[in-house]
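With compact mmCIF, C-alpha atoms and all ligand atoms inside, this is protein-v4.txt:
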```
# COMPACT_ATOMS: atom_id res chain seq x y z
CA MET A 30 36.26 81.64 106.83
CA ASN A 31 37.43 83.20 103.55
CA ARG A 32 41.15 83.08 103.10
CA ASP A 33 42.66 85.85 101.03
CA TYR A 34 45.39 84.45 98.80
CA SER A 35 45.23 87.26 96.25
CA GLY A 36 48.82 88.20 97.01
CA THR A 37 50.16 84.74 96.26
CA GLY A 38 50.55 83.93 92.61
CA ASP A 39 51.69 80.35 92.42
CA ARG A 40 49.32 77.57 91.56
CA GLU A 41 50.49 75.23 94.31
CA THR A 42 49.40 77.75 96.92
CA ARG A 43 46.03 78.21 95.28
CA TRP A 44 45.41 74.47 95.08
CA LEU A 45 46.46 73.97 98.68
CA ALA A 46 44.05 76.72 99.68
CA MET A 47 41.28 75.10 97.64
CA SER A 48 41.97 71.74 99.23
CA LEU A 49 41.69 73.23 102.72
CA GLN A 50 38.47 75.01 101.80
CA TYR A 51 36.97 71.88 100.30
CA ASN A 52 37.83 69.85 103.40
CA GLU A 53 36.29 72.45 105.65
CA LEU A 54 33.17 72.72 103.48
CA ASP A 55 32.74 68.93 103.39
CA ARG A 56 33.04 68.80 107.18
CA ARG A 57 30.47 71.58 107.58
CA ILE A 58 28.09 69.97 105.10
CA ASP A 59 28.27 66.62 106.91
CA GLU A 60 27.55 68.36 110.19
CA PHE A 61 24.65 70.32 108.73
CA ALA A 62 23.18 67.28 106.95
CA GLN A 63 23.18 65.33 110.20
CA GLN A 64 21.68 68.17 112.23
CA CYS A 65 19.06 68.89 109.63
CA GLY A 66 18.32 65.32 108.52
CA ALA A 67 19.03 66.17 104.89
CA SER A 68 20.07 63.55 102.36
CA CYS A 69 19.88 62.89 98.64
CA PRO A 70 17.80 60.02 97.27
CA TRP A 71 20.07 57.04 96.56
CA GLY A 72 21.68 57.29 93.12
CA CYS A 73 19.77 60.45 92.21
CA GLY A 74 22.18 62.68 90.23
CA THR A 75 19.36 64.91 88.99
CA CYS A 76 21.26 68.07 89.94
CA CYS A 77 24.10 67.08 87.59
CA THR A 78 21.76 66.49 84.66
CA ALA A 79 19.58 69.58 84.94
CA ASP A 80 19.21 71.86 81.91
CA TYR A 81 21.44 74.37 83.60
CA GLU A 82 25.09 73.33 83.79
CA PRO A 83 26.65 74.83 86.93
CA GLU A 84 29.22 77.57 86.49
CA VAL A 85 32.51 77.44 88.36
CA THR A 86 35.46 79.74 88.87
CA THR A 87 38.79 79.44 87.11
CA VAL A 88 40.56 78.41 90.29
CA GLU A 89 38.07 75.60 90.96
CA ALA A 90 38.43 74.45 87.34
CA GLU A 91 42.23 74.44 87.62
CA PHE A 92 42.04 72.37 90.77
CA ALA A 93 39.87 69.79 89.01
CA ALA A 94 42.05 69.83 85.88
CA ARG A 95 45.22 69.30 87.94
CA TRP A 96 43.56 66.37 89.69
CA ILE A 97 42.57 64.83 86.36
CA ILE A 98 46.10 65.18 84.95
CA ASP A 99 47.76 63.78 88.09
CA GLN A 100 45.23 61.21 89.30
CA ARG A 101 42.93 60.22 86.46
CA PRO A 102 44.50 60.90 83.06
CA ASP A 103 42.11 58.31 81.61
CA LEU A 104 39.38 60.94 82.05
CA GLU A 105 41.08 63.27 79.57
CA GLN A 106 39.23 61.49 76.79
CA ARG A 107 35.99 62.93 78.20
CA PHE A 108 36.97 66.27 76.67
CA ASP A 109 36.42 64.76 73.19
CA GLY A 110 32.68 64.84 73.83
CA ILE A 111 32.46 68.39 75.07
CA ALA A 112 30.73 69.81 71.97
CA ASP A 113 27.98 67.17 72.02
CA ARG A 114 27.40 67.04 75.76
CA GLU A 115 23.94 67.20 77.28
CA TYR A 116 25.30 68.02 80.74
CA CYS A 117 28.54 67.92 82.70
CA ILE A 118 31.01 65.67 80.89
CA PHE A 119 32.05 64.08 84.18
CA TYR A 120 28.63 62.70 84.97
CA ASP A 121 28.56 58.91 84.80
CA GLN A 122 25.06 57.61 84.22
CA GLU A 123 26.07 53.99 84.85
CA ASN A 124 27.55 54.55 88.30
CA PRO A 125 25.18 55.31 91.21
CA PHE A 126 27.79 57.70 92.61
CA HIS A 127 27.82 59.49 89.24
CA CYS A 128 30.64 62.02 89.60
CA MET A 129 33.90 60.96 87.95
CA ILE A 130 35.86 63.77 89.60
CA TYR A 131 34.26 63.49 93.03
CA ALA A 132 37.43 64.28 95.00
CA ALA A 133 38.04 67.44 92.99
CA ARG A 134 34.48 68.58 92.31
CA PRO A 135 33.82 72.30 92.66
CA ILE A 136 32.04 74.05 95.50
CA ILE A 137 28.58 74.16 93.92
CA CYS A 138 28.73 70.38 93.37
CA ARG A 139 29.58 69.87 97.05
CA GLY A 140 27.10 72.29 98.50
CA PHE A 141 24.05 72.11 96.28
CA GLY A 142 21.10 71.13 98.47
CA PHE A 143 23.16 71.40 101.65
CA SER A 144 23.61 75.16 101.88
CA GLY A 145 21.66 78.39 101.98
CA TYR A 146 21.82 82.15 101.88
CA ARG A 147 21.24 85.11 104.17
CA ASP A 148 18.03 87.06 103.81
CA LYS A 149 17.83 90.83 104.16
CA HIS A 150 17.62 90.47 107.94
CA GLY A 151 20.80 88.43 108.05
CA SER A 152 19.05 85.17 108.87
CA PHE A 153 20.21 81.94 107.28
CA VAL A 154 17.70 80.48 104.81
CA TYR A 155 18.22 76.84 103.92
CA ARG A 156 17.81 76.03 100.24
CA PRO A 157 17.29 72.28 99.89
CA CYS A 158 17.03 70.46 96.57
CA ARG A 159 13.43 69.59 95.73
CA HIS A 160 14.37 65.94 95.26
CA MET A 161 15.82 65.55 98.73
CA THR A 162 14.29 63.59 101.54
CA LEU A 163 14.06 65.80 104.58
CA THR A 164 12.86 65.33 108.04
CA PRO A 165 10.62 68.37 108.61
CA VAL A 166 12.75 71.50 108.26
CA SER A 167 13.22 72.66 111.80
CA SER A 168 15.32 74.96 113.93
CA SER A 169 18.19 72.51 113.40
CA CYS A 170 18.36 73.85 109.81
CA SER A 171 18.50 77.44 110.99
CA GLU A 172 22.24 77.87 110.47
CA GLY A 173 24.25 76.14 107.76
CA PRO A 174 26.92 76.51 105.09
CA LEU A 175 27.02 79.64 102.92
CA LEU A 176 28.89 78.67 99.76
CA PRO A 177 30.50 82.08 99.06
CA ASP A 178 32.29 81.70 102.42
CA TYR A 179 34.24 78.83 100.93
CA GLN A 180 35.41 80.54 97.76
CA VAL A 181 39.10 81.32 97.97
CA GLN A 182 39.60 84.99 97.21
CA TYR A 183 41.70 85.78 94.16
CA THR A 184 42.15 88.36 91.51
CA LEU A 185 39.19 89.00 89.25
CA GLU A 186 40.51 86.70 86.55
CA TYR A 187 40.46 83.71 88.88
CA ARG A 188 36.90 84.48 89.90
CA GLU A 189 35.61 84.43 86.32
CA VAL A 190 33.00 81.75 85.81
CA GLN A 191 32.17 79.37 82.97
CA PRO A 192 29.97 76.28 82.64
CA ILE A 193 31.76 73.47 84.45
CA SER A 194 32.74 71.34 81.43
CA GLU A 195 34.14 74.28 79.48
CA ALA A 196 35.89 75.71 82.54
CA ILE A 197 37.69 72.46 83.31
CA PHE A 198 38.54 71.91 79.63
CA SER A 199 40.09 75.39 79.37
CA ALA A 200 42.01 74.86 82.61
CA TRP A 201 43.20 71.45 81.44
CA GLN A 202 44.47 72.88 78.13
CA LYS A 203 46.32 75.60 80.01
CA LEU A 204 47.91 73.21 82.51
CA LYS A 205 48.93 70.79 79.78
CA TYR A 206 50.64 73.65 78.03
CA TYR A 207 52.46 74.71 81.17
CA ASP A 208 53.42 71.11 81.85
CA SER A 209 54.89 70.87 78.37
CA LEU A 210 57.23 73.77 79.08
CA SER A 211 60.28 72.41 80.77
CA GLY A 212 61.05 74.49 83.83
CA GLY A 213 57.97 76.63 83.25
CA ASP A 214 57.60 79.48 85.71
CA ASP A 215 54.55 78.87 87.84
CA GLN A 216 54.50 82.36 89.35
CA ASP A 217 51.87 83.35 86.88
CA GLU A 218 49.44 86.03 85.97
CA ALA A 219 47.44 85.88 89.21
CA SER A 220 50.21 87.57 91.17
S1 LIG B 301 31.57 67.73 88.49
FE1 LIG B 301 30.52 65.92 89.28
S2 LIG B 301 29.05 66.70 90.81
FE2 LIG B 301 29.67 68.46 89.53
S3 LIG B 301 28.11 68.59 87.88
FE3 LIG B 301 29.84 67.31 87.11
S4 LIG B 301 29.23 65.18 87.57
FE4 LIG B 301 27.95 66.55 88.83
```

Can you dump the structure from the file as structure tokens?
Ligand code: SF4
Amino acid sequence: MNRDYSGTGDRETRWLAMSLQYNELDRRIDEFAQQCGASCPWGCGTCCTADYEPEVTTVEAEFAARWIIDQRPDLEQRFDGIADREYCIFYDQENPFHCMIYAARPIICRGFGFSGYRDKHGSFVYRPCRHMTLTPVSSSCSEGPLLPDYQVQYTLEYREVQPISEAIFSAWQKLKYYDSLSGGDDQDEAS
């Protein structure tokens, strides 16, 4: 499942890899949710407003920042509120779908409540969100997505983690800088 792109330094390749991984993870989550009867309460969003802001890798943050620059530059103003935020700056309280960067959201945002881990015997253990409505957890939940399987493998730097708002802000600043350089070389430090 993991693709090793550590030998490829350009951003386009990394983002393409992320896009493929996200598509595959979304497909697997849909499949698992159907099998297992797992779903979020309508309009919930509690996971995005918890005290703990999820941490994401640099490569996930760059993917989201690139999407914002290319698809939703109006969202750049959200960075103005980063110092005063209570939770992820891309959470929209007014919209029942909540996430402003849904198409580019990181892995933890996709898989929270719809994934699990392996115990010391190698068995899959489903970790649902406590707010979810579940048909009784059964054997149909006995094998599901493992989020680390969907992390694209890169150099250590690209696996560093930061709280989601700060990570995407840093990535956005970096990409804006690169964009400002005419003919900037995109074969960067990850190679
Ligand atoms: S990126 Fe979207 S899904 Fe992830 S924490 Fe922020 S609002 Fe929630």

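Excluding Cys170 of chain A and any residue on its chain fewer than 3 positions from it, the residues at most 9 Å away by only C-alpha atoms are Phe61, Ala62, Gln64, Cys65, Gly66, Phe153, Val154, Tyr155, Val166, Ser167 and Gly173 of chain A.
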
(request) Could you give me the residues within 12 Å of ligand LIG 301 (chain B), counting all atoms listed in the file, as number ranges by chain? (result) A: 72-85, 89-90, 92-94, 97, 107, 114-142, 192-197

For the selection you just gave me, I'd like the residues written to a file as a short mmCIF file (atom, residue, chain, number, x, y, z; two decimals), in the coordinates of the input, keeping C-alpha atoms.
```cif
data_model
loop_
_atom_site.label_atom_id
_atom_site.label_comp_id
_atom_site.auth_asym_id
_atom_site.auth_seq_id
_atom_site.Cartn_x
_atom_site.Cartn_y
_atom_site.Cartn_z
CA GLY A 72 21.68 57.29 93.12
CA CYS A 73 19.77 60.45 92.21
CA GLY A 74 22.18 62.68 90.23
CA THR A 75 19.36 64.91 88.99
CA CYS A 76 21.26 68.07 89.94
CA CYS A 77 24.10 67.08 87.59
CA THR A 78 21.76 66.49 84.66
CA ALA A 79 19.58 69.58 84.94
CA ASP A 80 19.21 71.86 81.91
CA TYR A 81 21.44 74.37 83.60
CA GLU A 82 25.09 73.33 83.79
CA PRO A 83 26.65 74.83 86.93
CA GLU A 84 29.22 77.57 86.49
CA VAL A 85 32.51 77.44 88.36
CA GLU A 89 38.07 75.60 90.96
CA ALA A 90 38.43 74.45 87.34
CA PHE A 92 42.04 72.37 90.77
CA ALA A 93 39.87 69.79 89.01
CA ALA A 94 42.05 69.83 85.88
CA ILE A 97 42.57 64.83 86.36
CA ARG A 107 35.99 62.93 78.20
CA ARG A 114 27.40 67.04 75.76
CA GLU A 115 23.94 67.20 77.28
CA TYR A 116 25.30 68.02 80.74
CA CYS A 117 28.54 67.92 82.70
CA ILE A 118 31.01 65.67 80.89
CA PHE A 119 32.05 64.08 84.18
CA TYR A 120 28.63 62.70 84.97
CA ASP A 121 28.56 58.91 84.80
CA GLN A 122 25.06 57.61 84.22
CA GLU A 123 26.07 53.99 84.85
CA ASN A 124 27.55 54.55 88.30
CA PRO A 125 25.18 55.31 91.21
CA PHE A 126 27.79 57.70 92.61
CA HIS A 127 27.82 59.49 89.24
CA CYS A 128 30.64 62.02 89.60
CA MET A 129 33.90 60.96 87.95
CA ILE A 130 35.86 63.77 89.60
CA TYR A 131 34.26 63.49 93.03
CA ALA A 132 37.43 64.28 95.00
CA ALA A 133 38.04 67.44 92.99
CA ARG A 134 34.48 68.58 92.31
CA PRO A 135 33.82 72.30 92.66
CA ILE A 136 32.04 74.05 95.50
CA ILE A 137 28.58 74.16 93.92
CA CYS A 138 28.73 70.38 93.37
CA ARG A 139 29.58 69.87 97.05
CA GLY A 140 27.10 72.29 98.50
CA PHE A 141 24.05 72.11 96.28
CA GLY A 142 21.10 71.13 98.47
CA PRO A 192 29.97 76.28 82.64
CA ILE A 193 31.76 73.47 84.45
CA SER A 194 32.74 71.34 81.43
CA GLU A 195 34.14 74.28 79.48
CA ALA A 196 35.89 75.71 82.54
CA ILE A 197 37.69 72.46 83.31
#
```

(request) Identify which of the residues A:Leu204, A:Phe143, A:Phe108, A:Val88 lies closest to Thr162 of chain A, counting all atoms listed in the file when measuring atom-to-atom distances. (result) A:Phe143

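The interatomic distance for the pair atom CA of Pro174 of chain A and atom CA of Ser144 of chain A works out to 4.8 Å.
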
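What separates atom CA of Ser171 of chain A from atom CA of Ser152 of chain A is a distance of 8.0 Å.
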